[in-house]
Amino acid sequence: MLDKHYDATGVEQKLYERWDDSGAFSIGSRDNAQPYTIVIPPPNVTGSLHMGHALNNTLQDILIRHERMRGRDALWQPGMDHAGIATQMVVERQLAEQGLDRRDMGRDAFIEKVWQWKAESGGLIGKQLRRLGASADWSRERFTMDEGLSEAVLKVFVDLYEEGLIYKDNRLVNWDPKLLTAISDLEVQQQEVKGHLWHFNYPIEGEECRYITVATTRPETMLGDTAVAVHPEDERYKGLIGKHAVLPLVGRRIVIVADDYADPEQGSGAVKITPAHDFNDFEVGKRHDLEMINILDREARINENAPEAYRGLDRFEARERVVADMEAQGLLVEIEDHTHMVPFGDRGGVPIEPWLTEQWYADAATLAAPAIKAVEEGKTKFVPENWTKTYYEWMRNIQPWCISRQLWWGHQIPAWYGPDGEVFVAHDEDAAQVKARAHYGEDVALERDPDVLDTWFSSALWPFSTLGWPEETPELQRYYPTDVLVTGFDIIFFWVARMMMMGLHFMKEVPFHTVYIHALVRDEKGAKMSKSKGNIIDPLELIDEYGTDALRFTLCAMAAPGRDIKLSKQRVEGYRNFATKLWNAARYCQMNGCAPDATFDPAMAKETVNRWIVSEMARLRLRLDEAMASYRFNDAAQALYQASWNIFCDWYLEFTKPILLGTDEAAIKETRAVTAWALDQLLIMMHPIMPYVTEELWQQLDDNRETQLIRSGWPEYGEEAIDADAAAEMDWVVRLISLIRGIRSEVNVPAGAKITALVKDGGDIAETRMARHQDLILRLARLETITPSQEIPKGSAQAVIDGATVVLPLESVIDIEAEVARLKKAVGKAEGEITGIDKKLSNEKFLANAPDEVVEEQRERRAAAVETRDRLKEAVARLEA
RNA sequence: GGGCGGUUAGCUCAGCUGGUAGAGCGGCUGGUUUACAUCCAGUAGGUCGGCGGUUCGAACCCGUCACCGCCCA
């Protein structure tokens, strides 16, 4: 017998082990089935489960479990990302606590430390994903730095280099002066900062007391100025173009150039140009062939290219000094308050510095072309579709991808330098030596490039590297391309776009047919969850409190496409109650001997209530599969919730009580079988979303099941299983009972009081239905009797259903006036409807243009409303008589 | 500045191709109806942000304005 209460925590651990141990998550046992593949967005090895992961992985698991039950050979490929900067920072911080510095211990020892850290405390998130119920094939778990994936990275780098799609270049990069590495555009966050705009006078060369005024938010960069730019059409400065200014503090002669970049509307219209420290100025510098003077070292201190007085100063100290010195020389014109955007490194947290260095780049524009085309041709579709535009927007304006990082943790770049700096890119040092020998004609000492690759370089290969590439494995053959990628919009650029590029380039096929973009999870006020705001809701705490199923159902129910999710505990609690409801319903079934019977065919059911619930299950199955096919997770959740609670529990189980308590053995037997069958259907269809409570019930309700629920088949019945007559009949019964309950409540009949009901003008249909379902109508409407009658006692409460008048003789308790008012209100409502429909039906254009079925529907609706109104009017007349 | 999204019941949100506005929570009323008080029954509450247009018909399509949010400069 089922326990009185469902113990989520105990059940979850037990079942997860049972699934995993039995190989339920593994591929390899369904060779004839069509494969279905999802690769997990690999969480950072440093990560712990937050709400975004919970949502992301719940949705993937729902898809995987659904397809697995539908018979597909479902592979959910798990793994983790080495997360270059993030991981290196974690380990460095730990070392710092012990007073150690990676630079003292050396590269190899440091990397050793990182691996050690990974073995000990990395991968916590894997355990957490298991608590979430993730049915990934853990036997295939991969890591972006493992041997096979590293091999893939090497091959991709060497191949792209040989094709000219990877190259070295000397240009401005986003330099993080704290982490001492280049970072990509995407790792830079623009933040609004309240600063100042300093207006400086630069003296014009050879002209006494003539100045050109420039404004800047970064005074210290003037030490590297090599020009002043003005707009070519700007009348104020036409005479100065081609002349020179003398750079104060430095004394350098700098040219005044004409360039569209100078905006006449901004400030004075003249702008100082520092080509080595600003991306826009860099472009201006190239156009005018200006000298590029780098005045900052890698930690953003002033270097030897600036006058001695400033050398060694930090960039912010230098700023103060420059302003003070300019003021002392009388060249500071004005200081304006100014709010502007400052680029910050998303990891280091300090303003990044545009800095001139040599780095490795991937030719993103060339790689992007096929990736754009594939989406244009519909080979990969975004759901919701509007993300396509975001993808295009970025891909069509893509910049060279800086792929080198000055870190130690990551894939070291396979490039070796000869004594003269000649570079040899090869799979390994031996291969590089061969190339070097060919170049120099003799063996030389080679030195490997110390840099590592951007973390996203390896994750770009994830959909095929995890399947064994570059080896031609059977898995690669079978499971690539994958089916759907589930992710948040925040990494469309970082990850999705790059997987598209690499997948198409190396596999010649898109990595996935569908990209499902889900929402961001926010707190209940709509703010993005973050540690600094302290508004993080920990999914594991919710799991502890309400159970995994409740959390999963909540996330699924809220995953409407295209909108952020505001998560509240109250909602989770509601779905915990839903799981409890299901548990109790199952207990009830068990107590009433409704045991699953595999040989029972629901199509054979004779009782109307049973035929009806079979129809309802068929309708659910159709709705559910449609919702799943279009990734409408919220619709799927809603369909299940309604069918379970509002149909199965609220009505069906109540309907069958009179049968089960009765004496008709054949009906009892059939009803038990159908009840057990319907419950099974709910468990099956609910399982992808609420795997634990459903599996537990599945196993406890029948000890003899041959399969676990996770492996059971998905229903296939559909329209043919729907009995429209039974549905109409039970719908009428539901409405009748609701109607009577409503009247009782409105005229204040005590809940416990049993009363009688009469039905006038019911006709054959209503009378047959009444007779057939008398027991359950009496029980659910709490009536003594219900009988057809043309006689209506004085002072009765009345209501109308499908042309029949339901009469509750209550002369002693009823307030006639109130009852008349109630009925008149109903008359008014019916008349309002009739008027509305008449307006349409008398409109010739409506009759001419609307589809026939719409017109017909309006006519039927009018007829019904007229009938209802007339019956209600009669009822009023009887009361007033 | 460019792009995207939002504005529907007190709150949080559904409403897919235009054809009678829905759910959960909360509120109110009443319930020890032998599965469930983590429950049951009933009930109130909406000019679908404003204005204009298209249409026989608009929460839904178009235009415009207002406010909110996100992304990219």
# chains A, B, ... in the order shown; residues from 1 in each chain; ligands from 1
$ interface_residues --of "chain B" --to "chain A" --cutoff "7 Å" --atoms "only C-alpha atoms (C1' of nucleotides)" --output "ChimeraX atom specification"
/B:19,31,35-36,38,42,56
$ closest_residue --among "B:U32, B:A44, B:A59, B:G52" --to "B:U8" --atoms "only C-alpha atoms (C1' of nucleotides)"
B:A59
$ residues_around --residues "A:Asp325" --least-positions-apart "5" --cutoff "12 Å" --atoms "only C-alpha atoms (C1' of nucleotides)" --output "MDAnalysis selection string"
chainID A and resid 200 219:220 248:250 309:310 318:320 330:332
$ atom_distance --atom1 "atom CA of A:Gly832" --atom2 "atom C1' of B:A58"
20.4 Å
$ residues_around --residues "B:A66" --least-positions-apart "2" --cutoff "12 Å" --atoms "only C-alpha atoms (C1' of nucleotides)" --output "list in words"
U7, G49, G50, C51, U64 and C68 of chain B
$ write_last_selection --atoms "C-alpha atoms (C1' of nucleotides)" --output "PDB file, in the first residue's frame"
ATOM      1  C1'   U B   7       2.155  46.615 -21.430  1.00  0.00           C
ATOM      2  C1'   G B  49      -1.576  50.801 -22.175  1.00  0.00           C
ATOM      3  C1'   G B  50      -3.763  55.495 -25.329  1.00  0.00           C
ATOM      4  C1'   C B  51      -5.285  57.111 -30.159  1.00  0.00           C
ATOM      5  C1'   U B  64       1.359  56.279 -34.098  1.00  0.00           C
ATOM      6  C1'   C B  68       8.965  49.410 -18.978  1.00  0.00           C
TER       7        C B  68
END
$ select_by_dssp --residues "stretch 666-793 of chain A" --states "strand (DSSP E)" --output "PyMOL selection string"
chain A and resi 755-760+783-788
$ atom_distance --atom1 "atom CA of A:Gly224" --atom2 "atom CA of A:Pro275"
7.8 Å
$ atom_distance --atom1 "atom CA of A:Leu540" --atom2 "atom CA of A:Trp462"
27.3 Å
$ select_by_dssp --residues "stretch 332-490 of chain A" --states "alpha helix (DSSP H)" --output "ChimeraX atom specification"
/A:364-376,387-395,429-440,455-459,462-465,474-479
$ residues_around --residues "stretch 39-55 of chain A" --least-positions-apart "6" --cutoff "6 Å" --atoms "only C-alpha atoms (C1' of nucleotides)" --output "list in words"
Trp76, Gln77, Pro78, Gly79, Met80, Asp81, His82, Ala83, Gly122, Gly123, Ile125, Val521, Pro539 and Leu555 of chain A
$ write_last_selection --atoms "all heavy atoms" --output "short mmCIF file (atom, residue, chain, number, x, y, z; two decimals), in the first residue's frame"
data_model
loop_
_atom_site.label_atom_id
_atom_site.label_comp_id
_atom_site.auth_asym_id
_atom_site.auth_seq_id
_atom_site.Cartn_x
_atom_site.Cartn_y
_atom_site.Cartn_z
N TRP A 76 21.59 11.93 -24.73
CA TRP A 76 21.87 13.24 -24.15
C TRP A 76 23.33 13.22 -23.74
O TRP A 76 23.71 12.52 -22.81
CB TRP A 76 20.95 13.53 -22.96
CG TRP A 76 21.07 14.94 -22.47
CD1 TRP A 76 21.76 15.97 -23.05
CD2 TRP A 76 20.51 15.48 -21.27
NE1 TRP A 76 21.64 17.11 -22.30
CE2 TRP A 76 20.89 16.85 -21.21
CE3 TRP A 76 19.71 14.96 -20.25
CZ2 TRP A 76 20.49 17.68 -20.14
CZ3 TRP A 76 19.32 15.78 -19.21
CH2 TRP A 76 19.72 17.13 -19.17
N GLN A 77 24.12 13.93 -24.50
CA GLN A 77 25.57 13.92 -24.34
C GLN A 77 26.00 14.93 -23.28
O GLN A 77 25.88 16.13 -23.50
CB GLN A 77 26.22 14.25 -25.68
CG GLN A 77 27.72 14.47 -25.63
CD GLN A 77 28.47 13.22 -25.22
OE1 GLN A 77 28.26 12.14 -25.78
NE2 GLN A 77 29.32 13.34 -24.21
N PRO A 78 26.50 14.46 -22.14
CA PRO A 78 26.89 15.40 -21.08
C PRO A 78 28.38 15.74 -21.13
O PRO A 78 29.15 15.09 -21.85
CB PRO A 78 26.57 14.63 -19.80
CG PRO A 78 26.83 13.20 -20.17
CD PRO A 78 26.59 13.06 -21.67
N GLY A 79 28.74 16.73 -20.36
CA GLY A 79 30.15 17.10 -20.25
C GLY A 79 30.32 18.46 -19.64
O GLY A 79 29.34 19.12 -19.30
N MET A 80 31.57 18.83 -19.49
CA MET A 80 31.88 20.10 -18.84
C MET A 80 32.93 20.88 -19.62
O MET A 80 33.69 20.31 -20.39
CB MET A 80 32.36 19.87 -17.42
CG MET A 80 31.25 19.59 -16.45
SD MET A 80 31.87 19.51 -14.78
CE MET A 80 32.89 18.07 -14.90
N ASP A 81 32.95 22.16 -19.34
CA ASP A 81 33.87 23.06 -20.02
C ASP A 81 34.99 23.45 -19.06
O ASP A 81 34.75 23.69 -17.88
CB ASP A 81 33.09 24.31 -20.43
CG ASP A 81 33.87 25.16 -21.42
OD1 ASP A 81 34.77 25.90 -20.98
OD2 ASP A 81 33.56 25.07 -22.62
N HIS A 82 36.21 23.54 -19.61
CA HIS A 82 37.34 23.84 -18.72
C HIS A 82 37.36 25.30 -18.29
O HIS A 82 38.02 25.65 -17.32
CB HIS A 82 38.66 23.46 -19.40
CG HIS A 82 39.00 24.32 -20.58
ND1 HIS A 82 38.45 24.11 -21.83
CD2 HIS A 82 39.81 25.39 -20.71
CE1 HIS A 82 38.93 25.01 -22.66
NE2 HIS A 82 39.75 25.81 -22.02
N ALA A 83 36.62 26.15 -19.00
CA ALA A 83 36.42 27.53 -18.56
C ALA A 83 37.72 28.24 -18.20
O ALA A 83 37.97 28.56 -17.03
CB ALA A 83 35.46 27.57 -17.37
N GLY A 122 36.18 20.09 -8.69
CA GLY A 122 35.51 20.46 -9.93
C GLY A 122 34.35 19.50 -10.15
O GLY A 122 34.30 18.42 -9.57
N GLY A 123 33.43 19.92 -10.96
CA GLY A 123 32.39 18.99 -11.36
C GLY A 123 31.31 18.76 -10.33
O GLY A 123 30.55 17.82 -10.42
N ILE A 125 28.83 20.41 -10.23
CA ILE A 125 27.58 20.62 -10.97
C ILE A 125 27.04 19.33 -11.57
O ILE A 125 25.84 19.16 -11.76
CB ILE A 125 27.77 21.72 -12.04
CG1 ILE A 125 26.42 22.23 -12.52
CG2 ILE A 125 28.63 21.23 -13.19
CD1 ILE A 125 26.49 23.52 -13.27
N VAL A 521 15.89 33.28 -16.35
CA VAL A 521 15.13 33.20 -15.10
C VAL A 521 15.47 34.40 -14.25
O VAL A 521 16.63 34.70 -14.00
CB VAL A 521 15.48 31.92 -14.32
CG1 VAL A 521 14.58 31.80 -13.09
CG2 VAL A 521 15.32 30.70 -15.20
N PRO A 539 18.28 26.60 -6.77
CA PRO A 539 17.39 25.51 -7.16
C PRO A 539 17.48 24.32 -6.20
O PRO A 539 16.49 23.63 -5.99
CB PRO A 539 17.86 25.13 -8.56
CG PRO A 539 19.14 25.83 -8.79
CD PRO A 539 19.21 26.98 -7.84
N LEU A 555 9.26 25.06 -13.77
CA LEU A 555 10.07 25.63 -14.85
C LEU A 555 9.43 25.35 -16.20
O LEU A 555 9.40 26.20 -17.08
CB LEU A 555 11.49 25.06 -14.78
CG LEU A 555 12.27 25.51 -13.54
CD1 LEU A 555 13.57 24.72 -13.41
CD2 LEU A 555 12.56 27.00 -13.60
#
$ decode --residues "stretch 16-45 of chain B" --atoms "N, CA, C and O atoms (P, O5', C5', C4', C3', O3' and C1' of nucleotides)" --output "JSON list (two decimals), in the first residue's frame"
[["chain", "number", "residue", "atom", "x", "y", "z"],
["B", 16, "C", "P", -2.57, 33.15, -29.43],
["B", 16, "C", "O5'", -1.31, 32.37, -30.01],
["B", 16, "C", "C5'", -0.62, 32.74, -31.19],
["B", 16, "C", "C4'", 0.03, 31.49, -31.77],
["B", 16, "C", "C3'", -0.67, 30.95, -33.02],
["B", 16, "C", "O3'", -0.10, 31.52, -34.19],
["B", 16, "C", "C1'", -0.34, 29.20, -31.47],
["B", 17, "U", "P", -0.44, 33.05, -34.46],
["B", 17, "U", "O5'", -1.63, 33.09, -35.49],
["B", 17, "U", "C5'", -1.41, 33.66, -36.75],
["B", 17, "U", "C4'", -2.11, 32.84, -37.80],
["B", 17, "U", "C3'", -3.63, 33.03, -37.88],
["B", 17, "U", "O3'", -3.94, 34.21, -38.61],
["B", 17, "U", "C1'", -3.01, 30.76, -38.20],
["B", 18, "G", "P", -5.17, 35.13, -38.17],
["B", 18, "G", "O5'", -5.06, 35.00, -36.62],
["B", 18, "G", "C5'", -5.85, 34.95, -35.57],
["B", 18, "G", "C4'", -6.96, 35.95, -35.34],
["B", 18, "G", "C3'", -8.33, 35.31, -35.38],
["B", 18, "G", "O3'", -8.68, 35.08, -34.02],
["B", 18, "G", "C1'", -8.28, 37.48, -36.41],
["B", 19, "G", "P", -9.61, 34.37, -33.24],
["B", 19, "G", "O5'", -11.12, 34.64, -33.67],
["B", 19, "G", "C5'", -11.94, 35.45, -32.83],
["B", 19, "G", "C4'", -13.40, 35.20, -33.15],
["B", 19, "G", "C3'", -13.86, 33.79, -32.87],
["B", 19, "G", "O3'", -14.95, 33.87, -31.95],
["B", 19, "G", "C1'", -14.49, 34.50, -35.05],
["B", 20, "U", "P", -14.95, 33.24, -30.54],
["B", 20, "U", "O5'", -14.82, 34.48, -29.57],
["B", 20, "U", "C5'", -15.66, 35.58, -29.57],
["B", 20, "U", "C4'", -16.69, 35.58, -28.45],
["B", 20, "U", "C3'", -16.17, 35.55, -27.01],
["B", 20, "U", "O3'", -16.07, 36.88, -26.56],
["B", 20, "U", "C1'", -18.13, 34.18, -27.32],
["B", 21, "A", "P", -15.17, 37.19, -25.39],
["B", 21, "A", "O5'", -14.66, 35.77, -24.98],
["B", 21, "A", "C5'", -14.40, 35.46, -23.63],
["B", 21, "A", "C4'", -12.90, 35.44, -23.43],
["B", 21, "A", "C3'", -12.50, 35.07, -22.03],
["B", 21, "A", "O3'", -12.35, 33.67, -21.99],
["B", 21, "A", "C1'", -11.24, 36.89, -22.83],
["B", 22, "G", "P", -13.43, 32.84, -21.24],
["B", 22, "G", "O5'", -12.56, 31.75, -20.50],
["B", 22, "G", "C5'", -11.90, 32.06, -19.29],
["B", 22, "G", "C4'", -10.59, 31.36, -19.30],
["B", 22, "G", "C3'", -9.93, 31.28, -17.94],
["B", 22, "G", "O3'", -10.45, 30.19, -17.20],
["B", 22, "G", "C1'", -8.37, 32.05, -19.51],
["B", 23, "A", "P", -10.38, 30.24, -15.61],
["B", 23, "A", "O5'", -8.89, 29.76, -15.33],
["B", 23, "A", "C5'", -8.44, 28.50, -15.84],
["B", 23, "A", "C4'", -6.98, 28.33, -15.53],
["B", 23, "A", "C3'", -6.59, 28.57, -14.08],
["B", 23, "A", "O3'", -6.83, 27.42, -13.31],
["B", 23, "A", "C1'", -5.08, 29.72, -15.50],
["B", 24, "G", "P", -7.11, 27.55, -11.78],
["B", 24, "G", "O5'", -5.68, 27.90, -11.19],
["B", 24, "G", "C5'", -4.64, 26.94, -11.15],
["B", 24, "G", "C4'", -3.37, 27.60, -10.66],
["B", 24, "G", "C3'", -3.51, 28.35, -9.34],
["B", 24, "G", "O3'", -3.38, 27.47, -8.24],
["B", 24, "G", "C1'", -2.43, 29.73, -10.91],
["B", 25, "C", "P", -4.16, 27.74, -6.93],
["B", 25, "C", "O5'", -3.46, 29.06, -6.37],
["B", 25, "C", "C5'", -2.11, 29.02, -5.90],
["B", 25, "C", "C4'", -1.61, 30.43, -5.67],
["B", 25, "C", "C3'", -2.41, 31.28, -4.71],
["B", 25, "C", "O3'", -2.11, 31.00, -3.36],
["B", 25, "C", "C1'", -1.92, 32.55, -6.64],
["B", 26, "G", "P", -3.27, 31.02, -2.29],
["B", 26, "G", "O5'", -3.65, 32.56, -2.27],
["B", 26, "G", "C5'", -2.74, 33.51, -1.70],
["B", 26, "G", "C4'", -3.27, 34.90, -1.94],
["B", 26, "G", "C3'", -4.67, 35.17, -1.44],
["B", 26, "G", "O3'", -4.70, 35.42, -0.05],
["B", 26, "G", "C1'", -4.47, 36.01, -3.62],
["B", 27, "G", "P", -5.99, 35.00, 0.79],
["B", 27, "G", "O5'", -7.12, 35.92, 0.15],
["B", 27, "G", "C5'", -7.01, 37.33, 0.26],
["B", 27, "G", "C4'", -8.25, 38.00, -0.25],
["B", 27, "G", "C3'", -9.56, 37.45, 0.29],
["B", 27, "G", "O3'", -9.84, 37.99, 1.57],
["B", 27, "G", "C1'", -9.76, 37.75, -2.05],
["B", 28, "C", "P", -10.47, 37.07, 2.69],
["B", 28, "C", "O5'", -11.98, 36.97, 2.19],
["B", 28, "C", "C5'", -12.76, 38.15, 2.08],
["B", 28, "C", "C4'", -14.06, 37.84, 1.37],
["B", 28, "C", "C3'", -14.81, 36.62, 1.93],
["B", 28, "C", "O3'", -15.54, 36.94, 3.09],
["B", 28, "C", "C1'", -14.73, 36.49, -0.43],
["B", 29, "U", "P", -15.73, 35.82, 4.20],
["B", 29, "U", "O5'", -16.83, 34.87, 3.53],
["B", 29, "U", "C5'", -18.12, 35.39, 3.21],
["B", 29, "U", "C4'", -18.96, 34.31, 2.61],
["B", 29, "U", "C3'", -18.93, 32.98, 3.35],
["B", 29, "U", "O3'", -19.79, 32.98, 4.48],
["B", 29, "U", "C1'", -18.67, 32.58, 1.04],
["B", 30, "G", "P", -19.38, 32.10, 5.75],
["B", 30, "G", "O5'", -19.56, 30.62, 5.21],
["B", 30, "G", "C5'", -20.86, 30.18, 4.86],
["B", 30, "G", "C4'", -20.77, 28.85, 4.17],
["B", 30, "G", "C3'", -20.06, 27.75, 4.91],
["B", 30, "G", "O3'", -20.83, 27.25, 5.99],
["B", 30, "G", "C1'", -19.46, 27.68, 2.65],
["B", 31, "G", "P", -20.15, 26.28, 7.02],
["B", 31, "G", "O5'", -20.04, 24.96, 6.15],
["B", 31, "G", "C5'", -19.31, 23.90, 6.64],
["B", 31, "G", "C4'", -19.10, 22.90, 5.54],
["B", 31, "G", "C3'", -18.08, 21.83, 5.91],
["B", 31, "G", "O3'", -18.73, 20.79, 6.61],
["B", 31, "G", "C1'", -17.51, 22.74, 3.82],
["B", 32, "U", "P", -18.41, 20.53, 8.15],
["B", 32, "U", "O5'", -17.39, 19.33, 7.92],
["B", 32, "U", "C5'", -16.06, 19.56, 7.47],
["B", 32, "U", "C4'", -15.34, 18.23, 7.45],
["B", 32, "U", "C3'", -16.27, 17.03, 7.54],
["B", 32, "U", "O3'", -16.85, 16.73, 6.26],
["B", 32, "U", "C1'", -14.55, 16.81, 9.14],
["B", 33, "U", "P", -16.41, 15.58, 5.33],
["B", 33, "U", "O5'", -17.61, 15.38, 4.31],
["B", 33, "U", "C5'", -18.68, 14.46, 4.55],
["B", 33, "U", "C4'", -19.06, 13.84, 3.24],
["B", 33, "U", "C3'", -17.90, 13.15, 2.49],
["B", 33, "U", "O3'", -17.88, 11.77, 2.81],
["B", 33, "U", "C1'", -19.06, 14.66, 1.07],
["B", 34, "U", "P", -16.82, 11.13, 3.79],
["B", 34, "U", "O5'", -15.77, 10.55, 2.73],
["B", 34, "U", "C5'", -14.38, 10.81, 2.91],
["B", 34, "U", "C4'", -13.68, 9.58, 3.43],
["B", 34, "U", "C3'", -13.51, 8.46, 2.39],
["B", 34, "U", "O3'", -12.41, 8.67, 1.56],
["B", 34, "U", "C1'", -14.36, 7.53, 4.33],
["B", 35, "A", "P", -12.30, 8.01, 0.14],
["B", 35, "A", "O5'", -10.79, 8.27, -0.28],
["B", 35, "A", "C5'", -9.70, 7.58, 0.36],
["B", 35, "A", "C4'", -8.43, 8.29, 0.03],
["B", 35, "A", "C3'", -8.40, 9.76, 0.48],
["B", 35, "A", "O3'", -7.95, 9.85, 1.81],
["B", 35, "A", "C1'", -7.74, 9.60, -1.79],
["B", 36, "C", "P", -8.42, 11.06, 2.74],
["B", 36, "C", "O5'", -7.59, 12.30, 2.17],
["B", 36, "C", "C5'", -6.17, 12.35, 2.34],
["B", 36, "C", "C4'", -5.62, 13.41, 1.41],
["B", 36, "C", "C3'", -6.14, 14.82, 1.66],
["B", 36, "C", "O3'", -5.37, 15.46, 2.66],
["B", 36, "C", "C1'", -6.16, 14.33, -0.66],
["B", 37, "A", "P", -6.01, 15.99, 3.99],
["B", 37, "A", "O5'", -5.89, 17.56, 4.02],
["B", 37, "A", "C5'", -5.17, 18.31, 3.02],
["B", 37, "A", "C4'", -5.42, 19.76, 3.37],
["B", 37, "A", "C3'", -4.97, 20.14, 4.78],
["B", 37, "A", "O3'", -4.20, 21.32, 4.73],
["B", 37, "A", "C1'", -7.23, 20.74, 4.43],
["B", 38, "U", "P", -2.62, 21.27, 4.59],
["B", 38, "U", "O5'", -2.40, 21.23, 2.99],
["B", 38, "U", "C5'", -2.16, 22.47, 2.21],
["B", 38, "U", "C4'", -1.83, 21.99, 0.80],
["B", 38, "U", "C3'", -2.78, 20.84, 0.43],
["B", 38, "U", "O3'", -3.79, 21.18, -0.51],
["B", 38, "U", "C1'", -0.46, 20.13, 0.38],
["B", 39, "C", "P", -4.06, 21.71, -1.75],
["B", 39, "C", "O5'", -5.27, 20.80, -2.23],
["B", 39, "C", "C5'", -5.24, 19.38, -2.08],
["B", 39, "C", "C4'", -6.58, 18.88, -1.56],
["B", 39, "C", "C3'", -7.81, 19.53, -2.15],
["B", 39, "C", "O3'", -8.08, 19.05, -3.44],
["B", 39, "C", "C1'", -8.09, 19.30, 0.16],
["B", 40, "C", "P", -8.81, 19.98, -4.48],
["B", 40, "C", "O5'", -10.31, 19.91, -3.97],
["B", 40, "C", "C5'", -11.00, 18.68, -3.95],
["B", 40, "C", "C4'", -12.39, 18.89, -3.42],
["B", 40, "C", "C3'", -13.18, 20.02, -4.05],
["B", 40, "C", "O3'", -13.71, 19.65, -5.30],
["B", 40, "C", "C1'", -13.41, 20.13, -1.72],
["B", 41, "A", "P", -13.93, 20.78, -6.41],
["B", 41, "A", "O5'", -15.26, 21.51, -5.89],
["B", 41, "A", "C5'", -16.47, 20.79, -5.82],
["B", 41, "A", "C4'", -17.53, 21.66, -5.21],
["B", 41, "A", "C3'", -17.68, 23.04, -5.83],
["B", 41, "A", "O3'", -18.42, 23.00, -7.04],
["B", 41, "A", "C1'", -17.65, 23.24, -3.50],
["B", 42, "G", "P", -18.08, 24.03, -8.20],
["B", 42, "G", "O5'", -18.60, 25.40, -7.59],
["B", 42, "G", "C5'", -20.00, 25.62, -7.44],
["B", 42, "G", "C4'", -20.25, 26.83, -6.60],
["B", 42, "G", "C3'", -19.80, 28.16, -7.17],
["B", 42, "G", "O3'", -20.72, 28.64, -8.13],
["B", 42, "G", "C1'", -19.18, 28.05, -4.90],
["B", 43, "U", "P", -20.23, 29.57, -9.33],
["B", 43, "U", "O5'", -19.80, 30.90, -8.57],
["B", 43, "U", "C5'", -20.79, 31.75, -7.97],
["B", 43, "U", "C4'", -20.11, 32.88, -7.25],
["B", 43, "U", "C3'", -19.23, 33.78, -8.11],
["B", 43, "U", "O3'", -20.00, 34.74, -8.80],
["B", 43, "U", "C1'", -18.10, 33.24, -6.10],
["B", 44, "A", "P", -19.47, 35.40, -10.13],
["B", 44, "A", "O5'", -18.84, 36.77, -9.62],
["B", 44, "A", "C5'", -19.59, 37.66, -8.79],
["B", 44, "A", "C4'", -18.62, 38.56, -8.06],
["B", 44, "A", "C3'", -17.70, 39.37, -8.95],
["B", 44, "A", "O3'", -18.31, 40.58, -9.33],
["B", 44, "A", "C1'", -16.43, 38.29, -7.26],
["B", 45, "G", "P", -18.10, 41.16, -10.78],
["B", 45, "G", "O5'", -16.53, 41.47, -10.81],
["B", 45, "G", "C5'", -15.97, 42.54, -10.02],
["B", 45, "G", "C4'", -14.48, 42.46, -10.09],
["B", 45, "G", "C3'", -13.90, 42.51, -11.50],
["B", 45, "G", "O3'", -13.72, 43.86, -11.91],
["B", 45, "G", "C1'", -12.91, 40.72, -10.29]]
